[in-house]
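Next comes structure_1.csv, a file with CSV, C-alpha atoms.
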chain,number,residue,atom,x,y,z
A,591,MET,CA,39.2,58.5,153.1
A,592,ARG,CA,41.7,55.8,152.4
A,593,ASN,CA,42.3,57.1,148.8
A,594,SER,CA,43.1,60.5,150.2
A,595,ILE,CA,45.7,59.2,152.6
A,596,THR,CA,47.2,57.1,149.8
A,597,LYS,CA,47.5,60.2,147.6
A,598,LYS,CA,49.2,62.1,150.3
A,599,LEU,CA,51.7,59.4,151.0
A,600,LEU,CA,52.5,59.1,147.3
A,601,LEU,CA,53.0,62.9,147.0
A,602,ALA,CA,55.2,62.8,150.1
A,603,LEU,CA,57.2,60.0,148.6
A,604,ILE,CA,57.6,61.8,145.3
A,605,VAL,CA,58.9,64.9,147.1
A,606,ILE,CA,61.3,62.9,149.2
A,607,LEU,CA,62.6,61.2,146.0
A,608,MET,CA,63.1,64.6,144.3
A,609,LEU,CA,64.9,66.0,147.3
A,610,ALA,CA,67.1,62.9,147.4
A,611,THR,CA,67.8,63.2,143.7
A,612,ALA,CA,68.8,66.9,144.0
A,613,LEU,CA,71.0,66.2,147.0
A,614,TRP,CA,72.7,63.4,145.2
A,615,TYR,CA,73.2,65.8,142.2
A,616,TRP,CA,74.9,68.5,144.3
A,617,LYS,CA,76.9,66.1,146.3
A,618,ARG,CA,78.3,64.0,143.4
A,619,PRO,CA,82.1,64.1,142.9
A,620,GLU,CA,81.9,65.7,139.5
A,621,HIS,CA,80.0,68.7,140.6
A,622,LYS,CA,82.2,69.3,143.7
A,623,ALA,CA,85.2,69.2,141.4
A,624,ALA,CA,83.5,71.8,139.1
A,625,ILE,CA,82.9,74.1,142.1
A,626,VAL,CA,86.4,74.0,143.4
A,627,ALA,CA,88.2,74.0,140.1
A,628,ALA,CA,91.2,76.4,140.2
A,629,VAL,CA,91.7,79.2,137.7
A,630,PRO,CA,94.9,78.7,135.6
A,631,ILE,CA,97.1,81.9,135.7
A,632,ARG,CA,100.6,83.1,134.9
A,633,VAL,CA,102.6,85.1,137.4
A,634,VAL,CA,105.6,87.5,137.6
A,635,GLN,CA,107.5,88.9,140.5
A,636,VAL,CA,107.9,92.6,141.1
A,637,GLN,CA,111.4,93.7,140.3
A,638,ARG,CA,113.5,96.7,141.4
A,639,GLN,CA,115.6,98.4,138.8
A,640,ASP,CA,116.6,101.8,137.4
A,641,VAL,CA,114.2,102.9,134.7
A,642,ALA,CA,114.9,105.7,132.2
A,643,LYS,CA,111.9,108.0,131.5
A,644,SER,CA,111.8,109.5,128.0
A,645,LEU,CA,110.0,111.9,125.7
A,646,SER,CA,109.3,110.7,122.2
A,647,GLY,CA,108.9,112.5,118.9
A,648,ILE,CA,109.6,112.5,115.1
A,649,GLY,CA,112.6,114.4,113.8
A,650,THR,CA,114.5,115.2,110.6
A,651,VAL,CA,118.2,114.7,110.2
A,652,GLN,CA,120.0,117.9,109.3
A,653,SER,CA,123.6,118.7,108.4
A,654,LEU,CA,125.4,121.1,110.7
A,655,GLN,CA,127.0,122.7,107.6
A,656,SER,CA,125.9,122.3,104.0
A,657,VAL,CA,127.5,124.6,101.4
A,658,THR,CA,126.5,125.0,97.7
A,659,ILE,CA,129.7,125.5,95.7
A,660,ARG,CA,129.4,128.6,93.4
A,661,PRO,CA,132.0,130.5,91.4
A,662,GLN,CA,133.0,134.0,92.7
A,663,ILE,CA,134.2,135.1,89.2
A,664,ASP,CA,133.1,134.5,85.7
A,665,GLY,CA,135.2,132.1,83.7
A,666,ILE,CA,135.6,128.7,82.1
A,667,LEU,CA,135.6,125.6,84.4
A,668,SER,CA,139.0,124.1,83.5
A,669,LYS,CA,139.2,121.3,86.0
A,670,LEU,CA,137.1,119.4,88.5
A,671,ALA,CA,139.5,118.0,91.2
A,672,VAL,CA,136.9,115.8,93.0
A,673,LYS,CA,134.4,113.2,92.2
A,674,GLU,CA,130.7,112.9,93.2
A,675,GLY,CA,130.4,111.3,96.6
A,676,GLN,CA,134.0,111.9,97.5
A,677,TRP,CA,134.9,112.9,101.1
A,678,VAL,CA,136.9,116.2,101.3
A,679,LYS,CA,138.5,118.2,104.1
A,680,GLN,CA,138.2,121.9,104.7
A,681,GLY,CA,140.7,123.6,102.3
A,682,ASP,CA,140.9,120.8,99.8
A,683,LEU,CA,140.9,121.9,96.1
A,684,LEU,CA,137.5,121.3,94.5
A,685,ALA,CA,137.7,122.9,91.1
A,686,SER,CA,139.8,125.4,89.0
A,687,ILE,CA,138.7,128.2,86.7
A,688,ASP,CA,140.8,129.5,83.7
A,689,ASP,CA,143.1,132.1,85.3
A,690,ARG,CA,145.1,133.4,82.3
A,691,ALA,CA,143.3,136.8,82.0
A,692,ILE,CA,143.6,137.4,85.7
A,693,ARG,CA,147.3,136.5,85.7
A,694,ALA,CA,147.8,139.0,82.9
A,695,GLU,CA,146.1,141.7,84.9
A,696,LEU,CA,148.3,140.9,87.9
A,697,ASP,CA,151.4,141.2,85.8
A,698,GLN,CA,150.3,144.5,84.5
A,699,ALA,CA,149.6,145.8,88.0
A,700,ARG,CA,153.0,144.7,89.1
A,701,ALA,CA,154.6,146.5,86.1
A,702,GLN,CA,152.8,149.7,86.9
A,703,LEU,CA,154.0,149.5,90.5
A,704,GLY,CA,157.6,149.2,89.3
A,705,GLN,CA,157.1,152.2,87.0
A,706,SER,CA,155.6,154.3,89.8
A,707,GLN,CA,158.4,153.2,92.2
A,708,ALA,CA,161.1,154.4,89.7
A,709,GLN,CA,159.4,157.7,89.2
A,710,LEU,CA,159.0,158.1,93.0
A,711,GLN,CA,162.7,157.5,93.4
A,712,VAL,CA,163.6,160.3,90.9
A,713,ALA,CA,161.1,162.6,92.4
A,714,GLY,CA,162.6,162.0,95.8
A,715,VAL,CA,166.1,162.9,94.6
A,716,ASN,CA,164.9,166.1,93.0
A,717,LEU,CA,162.9,167.0,96.1
A,718,LYS,CA,166.0,166.7,98.3
A,719,ARG,CA,168.0,168.8,95.8
A,720,TYR,CA,165.4,171.5,95.7
A,721,LYS,CA,165.2,171.6,99.5
A,722,ASP,CA,169.0,172.2,99.7
A,723,LEU,CA,168.9,174.9,97.1
A,724,SER,CA,165.9,176.6,98.7
A,725,VAL,CA,168.1,177.4,101.8
A,726,ASP,CA,170.1,179.9,99.7
A,727,ASN,CA,167.1,180.8,97.6
A,728,GLY,CA,168.5,178.8,94.7
A,729,VAL,CA,165.0,177.8,93.7
A,730,SER,CA,161.7,179.5,94.2
A,731,ARG,CA,159.3,178.4,96.8
A,732,GLN,CA,156.8,177.5,94.1
A,733,THR,CA,159.1,175.1,92.4
A,734,LEU,CA,159.8,173.4,95.8
A,735,ASP,CA,156.1,173.1,96.5
A,736,GLN,CA,155.4,171.6,93.0
A,737,GLN,CA,158.2,169.0,93.5
A,738,GLN,CA,156.7,168.1,96.9
A,739,ALA,CA,153.3,167.6,95.4
A,740,LEU,CA,154.7,165.4,92.6
A,741,PHE,CA,156.5,163.3,95.2
A,742,ASP,CA,153.2,162.9,97.3
A,743,GLN,CA,151.3,162.1,94.1
A,744,LEU,CA,153.7,159.3,93.1
A,745,LYS,CA,153.4,157.8,96.7
A,746,ALA,CA,149.6,157.7,96.3
A,747,THR,CA,150.0,156.2,92.9
A,748,ILE,CA,152.2,153.4,94.4
A,749,GLN,CA,149.5,152.7,97.0
A,750,GLY,CA,147.0,152.4,94.2
A,751,ASN,CA,149.2,150.1,92.3
A,752,GLN,CA,149.6,147.9,95.4
A,753,ALA,CA,145.9,147.9,95.9
A,754,ALA,CA,145.4,146.8,92.3
A,755,ILE,CA,147.9,144.0,92.8
A,756,ALA,CA,146.0,142.9,95.9
A,757,ALA,CA,142.7,142.9,94.1
A,758,ALA,CA,144.2,140.9,91.2
A,759,GLN,CA,145.6,138.4,93.7
A,760,VAL,CA,142.1,138.0,95.3
A,761,GLN,CA,140.6,137.5,91.9
A,762,LEU,CA,143.3,134.9,91.2
A,763,SER,CA,142.5,133.1,94.4
A,764,TYR,CA,138.9,132.8,93.3
A,765,THR,CA,140.0,130.6,90.3
A,766,GLN,CA,140.9,127.9,92.9
A,767,ILE,CA,137.7,126.8,94.5
A,768,ARG,CA,138.4,125.1,97.8
A,769,SER,CA,136.1,123.3,100.2
A,770,PRO,CA,134.9,125.6,103.1
A,771,VAL,CA,133.9,122.6,105.2
A,772,THR,CA,134.7,119.0,105.8
A,773,GLY,CA,132.1,116.7,104.3
A,774,ARG,CA,130.8,114.8,101.3
A,775,VAL,CA,130.5,116.0,97.8
A,776,GLY,CA,127.1,115.8,96.2
A,777,ILE,CA,125.9,115.2,92.7
A,778,ARG,CA,127.5,117.8,90.3
A,779,THR,CA,125.5,119.9,87.9
A,780,VAL,CA,128.3,121.3,85.7
A,781,ASP,CA,131.0,119.6,83.7
A,782,GLU,CA,134.5,120.8,82.8
A,783,GLY,CA,134.6,123.2,79.9
A,784,ASN,CA,131.4,125.1,80.8
A,785,PHE,CA,131.4,128.9,81.3
A,786,LEU,CA,130.6,129.8,84.8
A,787,ARG,CA,128.9,133.0,85.9
A,788,VAL,CA,128.6,134.5,89.4
A,789,THR,CA,124.9,134.9,88.8
A,790,ASP,CA,124.4,131.1,88.5
A,791,THR,CA,122.3,130.0,91.5
A,792,GLN,CA,122.5,126.3,90.9
A,793,GLY,CA,126.2,126.0,91.7
A,794,LEU,CA,128.6,123.2,90.8
A,795,PHE,CA,127.6,120.8,93.6
A,796,THR,CA,127.2,120.8,97.4
A,797,VAL,CA,129.5,119.8,100.2
A,798,THR,CA,127.6,118.5,103.2
A,799,GLN,CA,129.0,117.8,106.7
A,800,ILE,CA,127.9,114.3,107.8
A,801,ASP,CA,130.0,113.8,110.9
A,802,PRO,CA,128.8,115.2,113.4
A,803,ILE,CA,125.2,115.7,112.4
A,804,ALA,CA,122.0,117.1,114.0
A,805,VAL,CA,118.4,116.1,114.3
A,806,GLU,CA,115.6,118.6,114.6
A,807,PHE,CA,112.4,117.4,116.2
A,808,ALA,CA,109.1,118.6,117.8
A,809,LEU,CA,107.6,117.9,121.2
A,810,PRO,CA,104.3,119.0,122.8
A,811,GLN,CA,104.5,122.4,124.5
A,812,GLN,CA,103.8,120.6,127.8
A,813,SER,CA,107.3,119.3,127.6
A,814,LEU,CA,108.9,122.8,127.9
A,815,PRO,CA,109.7,122.7,131.6
A,816,ILE,CA,111.4,119.3,131.2
A,817,LEU,CA,113.4,120.4,128.2
A,818,GLN,CA,114.5,123.6,129.9
A,819,ALA,CA,115.7,121.6,132.9
A,820,LEU,CA,117.6,119.2,130.6
A,821,VAL,CA,119.2,122.0,128.5
A,822,HIS,CA,120.5,123.8,131.6
A,823,GLY,CA,121.4,120.7,133.5
A,824,SER,CA,124.9,119.8,134.6
A,825,GLN,CA,124.9,116.7,132.4
A,826,GLN,CA,124.0,116.5,128.7
A,827,ALA,CA,120.6,114.8,128.2
A,828,ALA,CA,120.9,111.6,126.2
A,829,VAL,CA,118.9,111.4,122.9
A,830,LYS,CA,118.5,108.3,120.8
A,831,ALA,CA,117.5,108.1,117.1
A,832,PHE,CA,115.5,105.1,115.8
A,833,VAL,CA,114.3,104.0,112.4
A,834,ASP,CA,112.1,101.2,111.0
A,835,GLY,CA,109.7,101.5,113.9
A,836,ASP,CA,109.0,103.6,117.0
A,837,THR,CA,111.4,104.1,120.0
A,838,ASP,CA,110.3,100.8,121.5
A,839,ASN,CA,110.9,98.4,118.6
A,840,GLY,CA,112.8,100.4,116.0
A,841,THR,CA,116.4,100.0,115.0
A,842,LEU,CA,118.8,102.2,117.0
A,843,LEU,CA,120.9,104.4,114.7
A,844,ASP,CA,122.9,106.5,117.1
A,845,GLN,CA,122.9,108.2,120.4
A,846,GLY,CA,123.6,111.9,120.9
A,847,HIS,CA,122.8,114.7,123.3
A,848,LEU,CA,120.3,117.6,123.5
A,849,THR,CA,121.8,120.9,122.4
A,850,LEU,CA,119.0,123.5,122.3
A,851,ILE,CA,115.3,124.3,122.2
A,852,ASP,CA,113.7,126.9,120.0
A,853,ASN,CA,112.8,130.4,121.4
A,854,GLN,CA,109.1,130.0,120.7
A,855,VAL,CA,106.2,127.6,120.6
A,856,SER,CA,104.4,127.1,117.3
A,857,ALA,CA,100.9,128.6,117.8
A,858,SER,CA,99.4,126.5,115.0
A,859,THR,CA,100.6,123.1,116.2
A,860,GLY,CA,101.3,123.7,119.9
A,861,THR,CA,104.7,122.1,119.6
A,862,LEU,CA,108.2,123.2,120.5
A,863,ARG,CA,111.2,122.5,118.3
A,864,ALA,CA,114.4,121.2,119.7
A,865,LYS,CA,117.7,120.0,118.3
A,866,ALA,CA,120.1,117.2,119.2
A,867,GLU,CA,123.6,116.5,118.0
A,868,PHE,CA,125.1,113.1,117.1
A,869,ASP,CA,128.6,112.0,116.5
A,870,ASN,CA,127.4,109.8,113.6
A,871,SER,CA,130.8,108.1,113.3
A,872,ALA,CA,129.1,105.1,111.7
A,873,GLN,CA,127.2,107.5,109.3
A,874,LYS,CA,123.9,105.8,109.8
A,875,LEU,CA,122.2,109.2,110.0
A,876,TRP,CA,121.8,111.0,106.7
A,877,PRO,CA,120.5,114.6,105.9
A,878,GLY,CA,116.8,114.7,105.2
A,879,GLN,CA,116.1,111.3,106.9
A,880,LEU,CA,113.0,110.9,109.1
A,881,VAL,CA,113.8,109.3,112.5
A,882,ASN,CA,112.0,108.6,115.8
A,883,ILE,CA,113.6,110.4,118.7
A,884,SER,CA,113.7,109.4,122.4
A,885,VAL,CA,114.9,112.0,124.9
A,886,GLN,CA,115.9,110.7,128.3
A,887,SER,CA,114.2,113.0,130.7
A,888,GLU,CA,114.8,111.3,134.1
A,889,VAL,CA,116.1,108.1,135.7
A,890,LEU,CA,113.9,106.4,138.3
A,891,ARG,CA,116.3,104.7,140.7
A,892,ASN,CA,115.2,101.4,142.3
A,893,ALA,CA,111.8,101.6,140.8
A,894,LEU,CA,109.2,98.8,141.2
A,895,VAL,CA,108.8,97.3,137.7
A,896,VAL,CA,106.1,95.0,136.3
A,897,PRO,CA,105.1,94.1,132.7
A,898,PRO,CA,102.3,96.4,131.4
A,899,GLN,CA,99.7,93.6,131.3
A,900,VAL,CA,99.9,93.1,135.0
A,901,VAL,CA,98.2,96.4,135.9
A,902,GLN,CA,94.4,96.4,135.5
A,903,ARG,CA,92.2,99.5,135.3
A,904,GLY,CA,89.2,99.7,137.6
A,905,VAL,CA,86.4,102.3,137.8
A,906,ASP,CA,88.4,104.7,139.9
A,907,ASN,CA,91.9,103.4,140.0
A,908,HIS,CA,94.5,100.9,138.9
A,909,TYR,CA,94.9,97.5,140.6
A,910,VAL,CA,96.8,94.3,140.5
A,911,TYR,CA,96.0,90.7,141.6
A,912,ARG,CA,98.6,89.5,144.1
A,913,VAL,CA,99.0,85.8,144.8
A,914,LYS,CA,98.3,84.8,148.4
A,915,ALA,CA,98.8,81.1,149.0
A,916,ASP,CA,96.4,79.4,146.5
A,917,THR,CA,94.2,82.4,146.2
A,918,VAL,CA,94.5,86.0,144.9
A,919,GLU,CA,93.7,89.4,146.4
A,920,SER,CA,93.1,92.8,144.7
A,921,VAL,CA,95.7,95.4,145.5
A,922,PRO,CA,95.2,99.1,144.4
A,923,VAL,CA,98.4,100.6,142.8
A,924,LYS,CA,99.5,103.9,141.4
A,925,VAL,CA,101.1,104.0,138.0
A,926,VAL,CA,104.2,106.2,138.1
A,927,TYR,CA,105.4,105.6,134.5
A,928,GLN,CA,104.5,103.3,131.7
A,929,ASP,CA,105.7,102.4,128.2
A,930,SER,CA,105.1,99.5,125.9
A,931,LYS,CA,107.6,97.3,127.7
A,932,LEU,CA,107.1,98.0,131.4
A,933,THR,CA,105.1,99.8,134.1
A,934,VAL,CA,106.5,101.5,137.2
A,935,VAL,CA,104.0,101.1,140.0
A,936,ASP,CA,103.7,102.1,143.7
A,937,GLY,CA,101.6,100.1,146.2
A,938,VAL,CA,103.3,96.7,146.1
A,939,ALA,CA,106.7,95.4,147.3
A,940,ALA,CA,109.7,94.0,145.5
A,941,GLY,CA,109.4,90.2,145.3
A,942,ASP,CA,105.5,90.2,145.4
A,943,THR,CA,104.0,87.6,143.0
A,944,LEU,CA,101.4,89.2,140.7
A,945,VAL,CA,99.1,87.7,138.1
A,946,SER,CA,100.3,88.5,134.6
A,947,ASP,CA,97.7,86.5,132.6
A,948,GLY,CA,94.2,85.2,133.3
A,949,GLN,CA,92.9,88.2,135.2
A,950,SER,CA,89.6,88.1,133.3
A,951,ARG,CA,88.4,85.0,135.3
A,952,LEU,CA,89.6,86.2,138.7
A,953,LYS,CA,88.0,87.9,141.6
A,954,PRO,CA,89.4,88.4,145.1
A,955,GLY,CA,89.6,85.1,146.8
A,956,SER,CA,89.5,83.0,143.7
A,957,HIS,CA,91.4,79.7,143.8
A,958,ILE,CA,94.3,79.6,141.3
A,959,GLU,CA,96.7,77.3,139.6
A,960,VAL,CA,100.0,78.8,138.5
A,961,VAL,CA,101.2,77.9,135.0
A,962,HIS,CA,104.9,78.5,135.0
A,963,GLN,CA,106.6,80.5,132.2
A,964,PRO,CA,109.9,82.3,131.8
A,965,GLN,CA,110.2,85.7,133.5
A,966,PRO,CA,109.4,88.5,131.1
A,967,ASP,CA,112.5,90.4,129.9
A,968,VAL,CA,112.3,94.1,130.7
A,969,ALA,CA,116.0,94.8,130.5
A,970,ASP,CA,115.6,96.9,127.4
A,971,SER,CA,114.0,99.6,129.5
A,972,VAL,CA,116.7,99.7,132.2
A,973,ALA,CA,118.4,103.0,132.3
A,974,GLU,CA,121.8,103.0,130.7
A,975,PRO,CA,124.6,104.5,132.7
A,976,GLN,CA,125.5,108.0,131.5
A,977,PRO,CA,129.1,109.0,131.0

Mind turning the file's structure into structure tokens?
Amino acid sequence: MRNSITKKLLLALIVILMLATALWYWKRPEHKAAIVAAVPIRVVQVQRQDVAKSLSGIGTVQSLQSVTIRPQIDGILSKLAVKEGQWVKQGDLLASIDDRAIRAELDQARAQLGQSQAQLQVAGVNLKRYKDLSVDNGVSRQTLDQQQALFDQLKATIQGNQAAIAAAQVQLSYTQIRSPVTGRVGIRTVDEGNFLRVTDTQGLFTVTQIDPIAVEFALPQQSLPILQALVHGSQQAAVKAFVDGDTDNGTLLDQGHLTLIDNQVSASTGTLRAKAEFDNSAQKLWPGQLVNISVQSEVLRNALVVPPQVVQRGVDNHYVYRVKADTVESVPVKVVYQDSKLTVVDGVAAGDTLVSDGQSRLKPGSHIEVVHQPQPDVADSVAEPQP
């Protein structure tokens, strides 16, 4: 009996010791500190600013005018008046073709005109004399009619001589090849002294307009309503061309405006072609160059802006963690617009402090410790004022 009581007391003592040990373990300072340890986070504040929405695509730079210089008459190329790569204006002399044969034809046509004019003068005098004599029947009616026919024939001959002179002058003008456009001379394919033929398709060289210049690009067919509104809008839609990267981190080459959209959608690709024009005064755009295009479609005024990493995606919606004293709360938001640099949201207020880093360790009500950092720069996405 005594042994049984002793065993029960020992068992009760062991249980009490175990409970005391567990209580001490949970109540010790190190464990309490582990339970209430704050989650380190970084934060940003919601800003209000104007944001430019844009459509992006890949385009090809095209010259507004590019002309292949070809001869309009056969002949020997006697002179090249320009060098490769030279800038020329419309009407500048580019090349000359040997014109001696054409000048001889022109002189011959002028001589024939002089001869016909002299004959016409004599025929006119005789016609007047015959008319005076016919009053008194001094000449027959047949003789008068023949003289009148000769006079008319010589007048027609003079018109033919004048036409021959004009044709020779046109042929002579073709010996002076002048630039039809203002632009840059390309690489030549023919040297002086070669015989040129009208049937040559290669031409001497090309003259390409560089300033201004155009860019043709393609956008998804879903963009058609936006593009139609931009083309018919009261203000020209701004278009930017980038290289060495996309429209977010590439090098800006130039800024132009949207000019037109194609009259049909490509059935094979589901895209719509459009064209923009650039002043290209710095000549950074070059025909045939591939560029990234950004078309400003809309400006969101006083939009609520946060960095992209702030917004988290849940099962059914987007949400953000908003700082509330030393804890956080989950706030559902609507994403209005997003690019690689910023996100426009709805559901928070300007000045709200939101978590930008450390969300993976958070849940509503978590204790936090703010690690300060410089405010992210989202100025690159602010809408630029339009002229």

Distance query Val634 in chain A at most 7 Å, all atoms listed in the file, self and fewer than 3 positions along chain excluded, as a PyMOL selection string: chain A and resi 943-946+965

Shell of 8 Å around range 861-869 of chain A, all atoms listed in the file, local chain residues under 4 positions omitted, as JSON, numbers by chain: {"A": [801, 802, 803, 804, 805, 806, 807, 808, 809, 810, 811, 814, 829, 844, 845, 846, 847, 848, 849, 850, 851, 852, 854, 855, 856, 857]}

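For the choices A:Lys931, A:Glu888, A:Val926, A:Arg912, the atom-to-atom distance to Gly823 in chain A is smallest for A:Glu888 when using all atoms listed in the file.
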
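Among the candidates A:Gln662, A:Gln676, A:Ser656, A:Gln825, the residue lying nearest to Val760 in chain A is A:Gln662 (atoms considered: only C-alpha atoms).
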
Report, as AutoDock Vina command-line options, the centre and edge lengths in Å (one decimal) of the axis-aligned box enclosing every listed atom of range 793-796 of chain A, padded by 3 Å on each side.
--center_x 127.4 --center_y 123.4 --center_z 94.1 --size_x 8.4 --size_y 11.2 --size_z 12.6
